[in-house]
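Below: the structure, in structure tokens.
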Amino acid sequence: MGTGKRGLIATAVAVVCAVTVLAAPGTAFAAPHPDPESTSSASPARTPGPDLEAVREKLDKLYRAAARATDEYNAAEEKADRQSAEIVRLAKKIVKGKERLEQLKKRAGAAAAAQYRGGGLPPEARLMLSDDPQEFLDGTGRVRQGHHATKGLIGELTRTQQDLEQYAKDASAQLKKLEAGRKAKAAAQKKIEKQIAQAEKLESELREEEQERLAELEQKAADEAQTAWLDSGILAEIDGKASAQGKKAVQYATAQIGKPYQWGAEGPKSYDCSGLTSQAWITAGRGIPRTSQEQWKQLPRVDVRQLRPGDLIIYFDDASHVGMYVGDGMMVHAPRPGRTITIAGAGSMPILGVVRPDAG
């Protein structure tokens with residue numbers, strides 16, 4: 001076995017092994033003042049609680065930072081899947097190319113041996129020794145054809161060898177990209193876990209009644225935003241009808257109501273915001289980008305007044321959240337860690353824009 005062959009085999013084996021390893025997942029509210037009667041010398045004064053509105057705003061920032069990091073994680077994962085598939089494709093090409101090269105080498109060896117056996121004498125000598133001049137002329141024609149065939153065989157051998165070398169280079173480049181993507185994915189995961197841990201710690205330090213009040217403040221902020229959106233008269237202008245695919249997407253998304261949010265999840269037991277919308281549309285027969293940011297970048301945009309059930313509403317300036325419009329000014333979404341998939345007001349968060357997966 002030649003060194004070129006050993007190198008190609010080693011490359012193919014290394015590529016397949018590497019793929020296996022790398023692919024293996026509002027209004028501020030002051031804290032209540034103590035009751036004067038409860039501050040007697042018989043019982044110590046109660047420590048004032050935290051400013052829950054400030055806590056709500058801080059939690060919102062932490063969870064939005066986690067959402068941005070989740071988009072980074074999901075994008076890295078999606079890219080890694082594509083790179084892994086490309087590496088596998090190249091590995092298969094290397095194996096097939098190696099097999100083809102072996103076949104060509106055998107044919108070239110056989111042709112060389114046949115040429116040696118029949119070409120030891122010069123043409124004049126073979127003519128003199130031949131009993132049949134016509135047979136000699138026919139043989140000469142076959143030899144000429146053999147020369148042409150041999151040239152073609154050598155050319156195919158060269159091209160196959162060059163193809164194999166290019167496949168190996170491409171596979172090596174894809175492996176480097178895959179490794180870089182793996183590091184980006186790990187870094188995004190650390191960001192997510194850090195932000196969520198900080199938010200959970202902040203919430204855990206609240207007393208039970210403070211947690212209930214915090215939930216009320218969150219709902220109040222959402223309700224105020226939704227009311228302001230509806231007061232603009234927007235709903236009177238929205239009368240779009242869902243397409244057949246849009247109905248299927250809405251049916252899928254609403255069937256997941258009550259399931260928990262989990263960053264990076266695409267179902268069936270849990271979802272993040274873009275995991276829910278992407279899976280809903282895949283089920284409806286239309287593949288869309290995995291992340292809310294890519295959904296905003298790649299999908300056709302429509303005016304908010306043209307909303308119809310199944311459209312995706314992208315939220316915040318950084319496109320870090322997405323929900324699916326279901327009609328009557330409402331949307332379904334996976335809110336954040338610690339929450340479940342639910343129906344909410346379409347205007348309960350700052351709307352960046354609307355995209356339509358099945359436009360046209």
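As shown in the structure tokens, the chain order sets the letters A, B, ...; within each chain, residues go from 1, and ligands are also counted from 1 in the order they appear.
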
Who sits within 10 Å of range 212-229 of chain A, only C-alpha atoms, same chain under 4 positions skipped, as a ChimeraX atom specification: /A:26-29,51-53,55-57,60,203,206-208,233-235,329-330,344-351

Residues of range 228-347 of chain A in strand (DSSP E or B), written as a ChimeraX atom specification: /A:260-261,266,271,301-302,312-315,321-327,330-333,340,342-345

Close residues, Glu193 in chain A itself excluded, 12 Å, only C-alpha atoms, min 6 positions apart in chain, as a PyMOL selection string: chain A and resi 62-63+65-67+69-70+73+186-187+199-201+262-264+337

Restricted to C-alpha atoms, what would the selected residues look like written as a short mmCIF file (atom, residue, chain, number, x, y, z; two decimals), in the first residue's frame?
```
data_model
loop_
_atom_site.label_atom_id
_atom_site.label_comp_id
_atom_site.auth_asym_id
_atom_site.auth_seq_id
_atom_site.Cartn_x
_atom_site.Cartn_y
_atom_site.Cartn_z
CA LEU A 62 -31.32 39.04 33.16
CA TYR A 63 -33.82 36.89 31.32
CA ALA A 65 -29.71 38.51 28.30
CA ALA A 66 -30.31 34.78 28.69
CA ALA A 67 -32.62 34.88 25.66
CA ALA A 69 -27.41 33.93 24.65
CA THR A 70 -29.93 31.20 23.86
CA TYR A 73 -26.42 28.77 21.40
CA ALA A 186 -20.06 26.19 25.02
CA ALA A 187 -19.45 29.91 25.61
CA ALA A 199 -32.20 35.56 38.16
CA GLU A 200 -33.14 32.45 40.13
CA LYS A 201 -31.01 33.58 43.08
CA GLN A 262 -36.40 25.26 28.50
CA TRP A 263 -33.59 27.08 26.71
CA GLY A 264 -32.35 25.26 23.64
CA PRO A 337 -37.24 30.09 32.34
#
```

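Each of A:Gln295, A:Lys176, A:Arg68, A:Gly353 was compared to Asp318 in chain A using only C-alpha atoms, and A:Arg68 turns out to be the nearest.
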